[in-house]
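For reference, my_file-v5.csv is printed below; it contains CSV, C-alpha atoms.
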```csv
chain,number,residue,atom,x,y,z
Y,20,MET,CA,9.4,41.5,-25.8
Y,21,PHE,CA,12.7,39.7,-25.0
Y,22,GLU,CA,12.3,40.3,-21.3
Y,23,ARG,CA,8.8,39.0,-21.3
Y,24,ARG,CA,9.9,35.7,-22.9
Y,25,LEU,CA,12.8,35.5,-20.4
Y,26,LYS,CA,10.5,36.0,-17.5
Y,27,ILE,CA,8.1,33.3,-18.8
Y,28,TYR,CA,11.0,30.9,-19.3
Y,29,LEU,CA,12.4,31.6,-15.8
Y,30,LEU,CA,8.9,31.1,-14.3
Y,31,ILE,CA,8.6,27.7,-16.0
Y,32,MET,CA,12.1,26.8,-14.8
Y,33,ALA,CA,11.2,27.9,-11.2
Y,34,ALA,CA,8.0,25.9,-11.3
Y,35,GLY,CA,10.0,22.8,-12.4
Y,36,VAL,CA,12.6,23.2,-9.7
Y,37,CYS,CA,9.8,23.7,-7.1
Y,38,GLY,CA,8.1,20.5,-8.4
Y,39,LEU,CA,11.4,18.6,-8.0
Y,40,LEU,CA,11.9,20.0,-4.5
Y,41,CYS,CA,8.4,19.1,-3.4
Y,42,ARG,CA,8.9,15.5,-4.7
Y,43,ALA,CA,12.2,15.2,-2.9
Y,44,ALA,CA,10.6,16.5,0.3
Y,45,GLN,CA,7.8,13.9,-0.1
Y,46,LEU,CA,10.2,11.1,-0.6
Y,47,GLN,CA,12.6,12.2,2.2
Y,48,PHE,CA,10.1,13.2,4.9
Y,49,PHE,CA,6.7,11.7,4.3
Y,50,GLN,CA,7.5,8.3,2.6
Y,51,ARG,CA,10.9,7.6,4.3
Y,52,ASP,CA,9.6,4.6,6.3
Y,53,TYR,CA,8.1,3.0,3.3
Y,54,TRP,CA,11.3,3.3,1.3
Y,55,ARG,CA,13.4,2.2,4.2
Y,56,ARG,CA,11.3,-1.0,4.4
Y,57,GLU,CA,11.6,-1.5,0.7
Y,58,ALA,CA,15.3,-1.2,0.8
Y,59,ALA,CA,15.5,-3.7,3.7
Y,60,ASP,CA,13.3,-6.1,1.9
Y,61,THR,CA,15.6,-6.2,-1.1
Y,62,LEU,CA,18.2,-7.7,1.2
Y,63,LYS,CA,15.8,-10.4,2.4
Y,64,LYS,CA,15.0,-12.0,-0.9
Y,65,VAL,CA,15.1,-15.8,-0.7
Y,66,ARG,CA,16.8,-17.6,-3.6
Y,67,TYR,CA,17.2,-21.3,-3.6
Y,68,LEU,CA,20.2,-22.8,-5.4
Y,69,ASP,CA,20.6,-26.2,-6.8
Y,70,THR,CA,23.5,-27.7,-4.9
Y,71,ASP,CA,23.6,-31.3,-6.3
Y,72,ARG,CA,26.8,-31.6,-8.2
Y,73,GLY,CA,27.2,-35.4,-8.0
Y,74,PRO,CA,29.7,-37.6,-6.3
Y,75,ILE,CA,33.5,-37.0,-6.2
Y,76,LEU,CA,35.3,-40.0,-7.8
Y,77,ASP,CA,38.9,-41.1,-7.6
Y,78,CYS,CA,41.0,-42.0,-10.7
Y,79,LYS,CA,39.6,-45.6,-10.6
Y,80,GLY,CA,35.9,-44.5,-10.4
Y,81,ARG,CA,35.4,-45.2,-6.7
Y,82,GLU,CA,33.3,-42.7,-4.8
Y,83,LEU,CA,35.3,-40.5,-2.4
Y,84,ALA,CA,32.4,-38.2,-1.4
Y,85,VAL,CA,28.7,-38.2,-2.1
Y,86,ASP,CA,26.4,-35.2,-1.8
Y,87,ARG,CA,23.8,-35.4,0.8
Y,88,PRO,CA,21.3,-32.7,1.7
Y,89,CYS,CA,21.7,-31.2,5.2
Y,90,VAL,CA,20.2,-28.5,7.3
Y,91,ASP,CA,22.3,-26.1,9.3
Y,92,ALA,CA,20.6,-24.2,12.2
Y,93,CYS,CA,22.1,-21.2,13.9
Y,94,VAL,CA,20.6,-20.3,17.3
Y,95,ASP,CA,21.5,-17.2,19.4
Y,96,TYR,CA,23.3,-18.4,22.5
Y,97,ARG,CA,21.0,-16.2,24.7
Y,98,ALA,CA,18.2,-18.4,23.5
Y,99,ILE,CA,20.0,-21.6,24.3
Y,100,VAL,CA,20.4,-20.9,28.0
Y,101,PHE,CA,17.4,-21.7,30.1
Y,102,PRO,CA,15.8,-19.6,31.3
Y,103,ALA,CA,16.7,-17.1,28.5
Y,104,ASP,CA,18.6,-14.0,29.3
Y,105,PRO,CA,15.9,-11.5,30.6
Y,106,LYS,CA,17.6,-8.5,29.0
Y,107,TRP,CA,17.8,-10.3,25.7
Y,108,LEU,CA,14.1,-11.2,26.0
Y,109,GLN,CA,13.2,-7.5,26.7
Y,110,GLY,CA,15.2,-6.4,23.7
Y,111,ILE,CA,13.5,-8.8,21.3
Y,112,ALA,CA,10.1,-8.0,22.8
Y,113,GLY,CA,10.8,-4.3,22.4
Y,114,ASP,CA,11.9,-4.7,18.8
Y,115,ARG,CA,8.7,-6.7,18.0
Y,116,VAL,CA,6.4,-4.1,19.6
Y,117,LYS,CA,8.3,-1.3,17.8
Y,118,ALA,CA,7.9,-3.1,14.5
Y,119,ARG,CA,4.2,-3.7,15.1
Y,120,LEU,CA,3.4,-0.1,16.2
Y,121,GLY,CA,5.6,1.7,13.7
Y,122,ASP,CA,5.5,5.4,14.1
Y,123,ALA,CA,3.0,5.2,17.0
Y,124,TRP,CA,5.8,3.8,19.1
Y,125,THR,CA,7.5,7.2,19.4
Y,126,HIS,CA,4.2,8.8,20.4
Y,127,THR,CA,3.5,6.2,23.1
Y,128,ALA,CA,4.2,7.1,26.8
Y,129,ARG,CA,7.2,5.4,28.4
Y,130,LYS,CA,5.0,3.5,31.0
Y,131,GLN,CA,2.7,2.3,28.2
Y,132,ARG,CA,5.8,1.1,26.1
Y,133,GLU,CA,7.1,-0.8,29.1
Y,134,LYS,CA,3.7,-2.5,29.6
Y,135,LEU,CA,3.5,-3.4,25.9
Y,136,ARG,CA,7.1,-4.8,26.0
Y,137,ASP,CA,6.4,-6.8,29.2
Y,138,ALA,CA,3.3,-8.2,27.7
Y,139,GLU,CA,5.3,-9.4,24.7
Y,140,ILE,CA,8.0,-11.2,26.7
Y,141,PRO,CA,5.9,-14.4,27.3
Y,142,ARG,CA,5.2,-14.6,23.6
Y,143,VAL,CA,8.9,-14.3,22.8
Y,144,GLN,CA,9.6,-17.1,25.3
Y,145,ASP,CA,6.8,-19.2,23.8
Y,146,ASP,CA,8.4,-18.7,20.3
Y,147,VAL,CA,11.8,-19.8,21.6
Y,148,ASN,CA,10.2,-22.9,23.1
Y,149,ALA,CA,8.4,-23.6,19.8
Y,150,MET,CA,11.7,-23.1,18.0
Y,151,TRP,CA,13.1,-26.2,19.7
Y,152,ASP,CA,10.2,-28.3,18.6
Y,153,LYS,CA,10.5,-27.0,15.1
Y,154,LEU,CA,14.2,-27.8,15.0
Y,155,ALA,CA,13.4,-31.4,16.2
Y,156,GLU,CA,10.8,-31.7,13.5
Y,157,VAL,CA,13.0,-30.3,10.6
Y,158,SER,CA,16.1,-32.3,11.6
Y,159,GLY,CA,14.2,-35.6,12.1
Y,160,ARG,CA,15.4,-35.9,15.6
Y,161,SER,CA,13.4,-36.3,18.8
Y,162,ARG,CA,13.0,-33.4,21.2
Y,163,GLU,CA,15.1,-35.2,23.7
Y,164,GLU,CA,18.0,-35.4,21.3
Y,165,ILE,CA,17.8,-31.7,20.6
Y,166,GLU,CA,17.7,-31.1,24.4
Y,167,GLN,CA,20.9,-33.2,24.7
Y,168,VAL,CA,22.7,-31.1,22.0
Y,169,ARG,CA,21.5,-28.0,23.8
Y,170,GLN,CA,22.9,-29.2,27.1
Y,171,ALA,CA,26.2,-30.2,25.5
Y,172,ILE,CA,26.5,-26.6,24.2
Y,173,LEU,CA,25.9,-25.2,27.6
```
Exercise: express the given structure as structure tokens:
Amino acid sequence: MFERRLKIYLLIMAAGVCGLLCRAAQLQFFQRDYWRREAADTLKKVRYLDTDRGPILDCKGRELAVDRPCVDACVDYRAIVFPADPKWLQGIAGDRVKARLGDAWTHTARKQREKLRDAEIPRVQDDVNAMWDKLAEVSGRSREEIEQVRQAIL
């Protein structure tokens, strides 16, 4: 009688452990890309902070500094040079195609990967060119002024 209950208890425990192992395998092997994307997305959350703290005054009430909104832009140096660095363009294009294809990228033949990457390079260059127009629009400057800043960096 005691052995029978012990066997049933061990069978229930073994079923529970098997269930946990199956769930762990599902998370680790079959859903790893989903959870990897979720983890990466938690780092990309956008949160806006109110930065207006008012003017800085001296002891007589005169303004020393006043808060003004500003926009800072960071551009990869390889995008500043014209024409852009071909190896950098290939790398960006390859990353885009990999992200778009997902797991299918690893199953694609090498020649096909190169074709897809090479077809993406002009789109990357177009996006870099459009970025300069967007920077001019956001900063309130003309495209020529942005080009002068770019040339000064070079």
For segment 57-121 of chain Y versus segment 129-137 of chain Y, which residues have an atom no more than 10 Å away, and what is each residue's nearest atom pair and distance in Å rounded to one decimal, using only C-alpha atoms, chain-then-number order, as CSV?
```
residue,atom,partner,partner_atom,distance
Y:Leu108,CA,Y:Asp137,CA,9.4
Y:Gln109,CA,Y:Arg136,CA,6.7
Y:Gly110,CA,Y:Arg136,CA,8.6
Y:Ile111,CA,Y:Arg136,CA,8.9
Y:Ala112,CA,Y:Arg136,CA,5.4
Y:Gly113,CA,Y:Arg136,CA,5.2
Y:Asp114,CA,Y:Arg136,CA,8.7
Y:Arg115,CA,Y:Arg136,CA,8.4
Y:Val116,CA,Y:Arg136,CA,6.5
Y:Lys117,CA,Y:Arg132,CA,9.0
```
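If you measure from each of Y:Tyr53, Y:Ser161, Y:Leu25, Y:Val147 to Ile99 of chain Y using only C-alpha atoms, the closest one turns out to be Y:Val147.
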Discussion item. Report, in Å to a single decimal, how far apart atom CA of Asp69 of chain Y and atom CA of Met150 of chain Y are.
Written reply: 26.5 Å
Item to complete: Give as JSON, numbers by chain each residue that has an atom at most 12 Å from (21.9, -27.3, 22.8) in the file, counting all atoms listed in the file.
Response: {"Y": [92, 93, 94, 95, 96, 97, 98, 99, 100, 101, 151, 154, 155, 162, 163, 164, 165, 166, 167, 168, 169, 170, 171, 172, 173]}
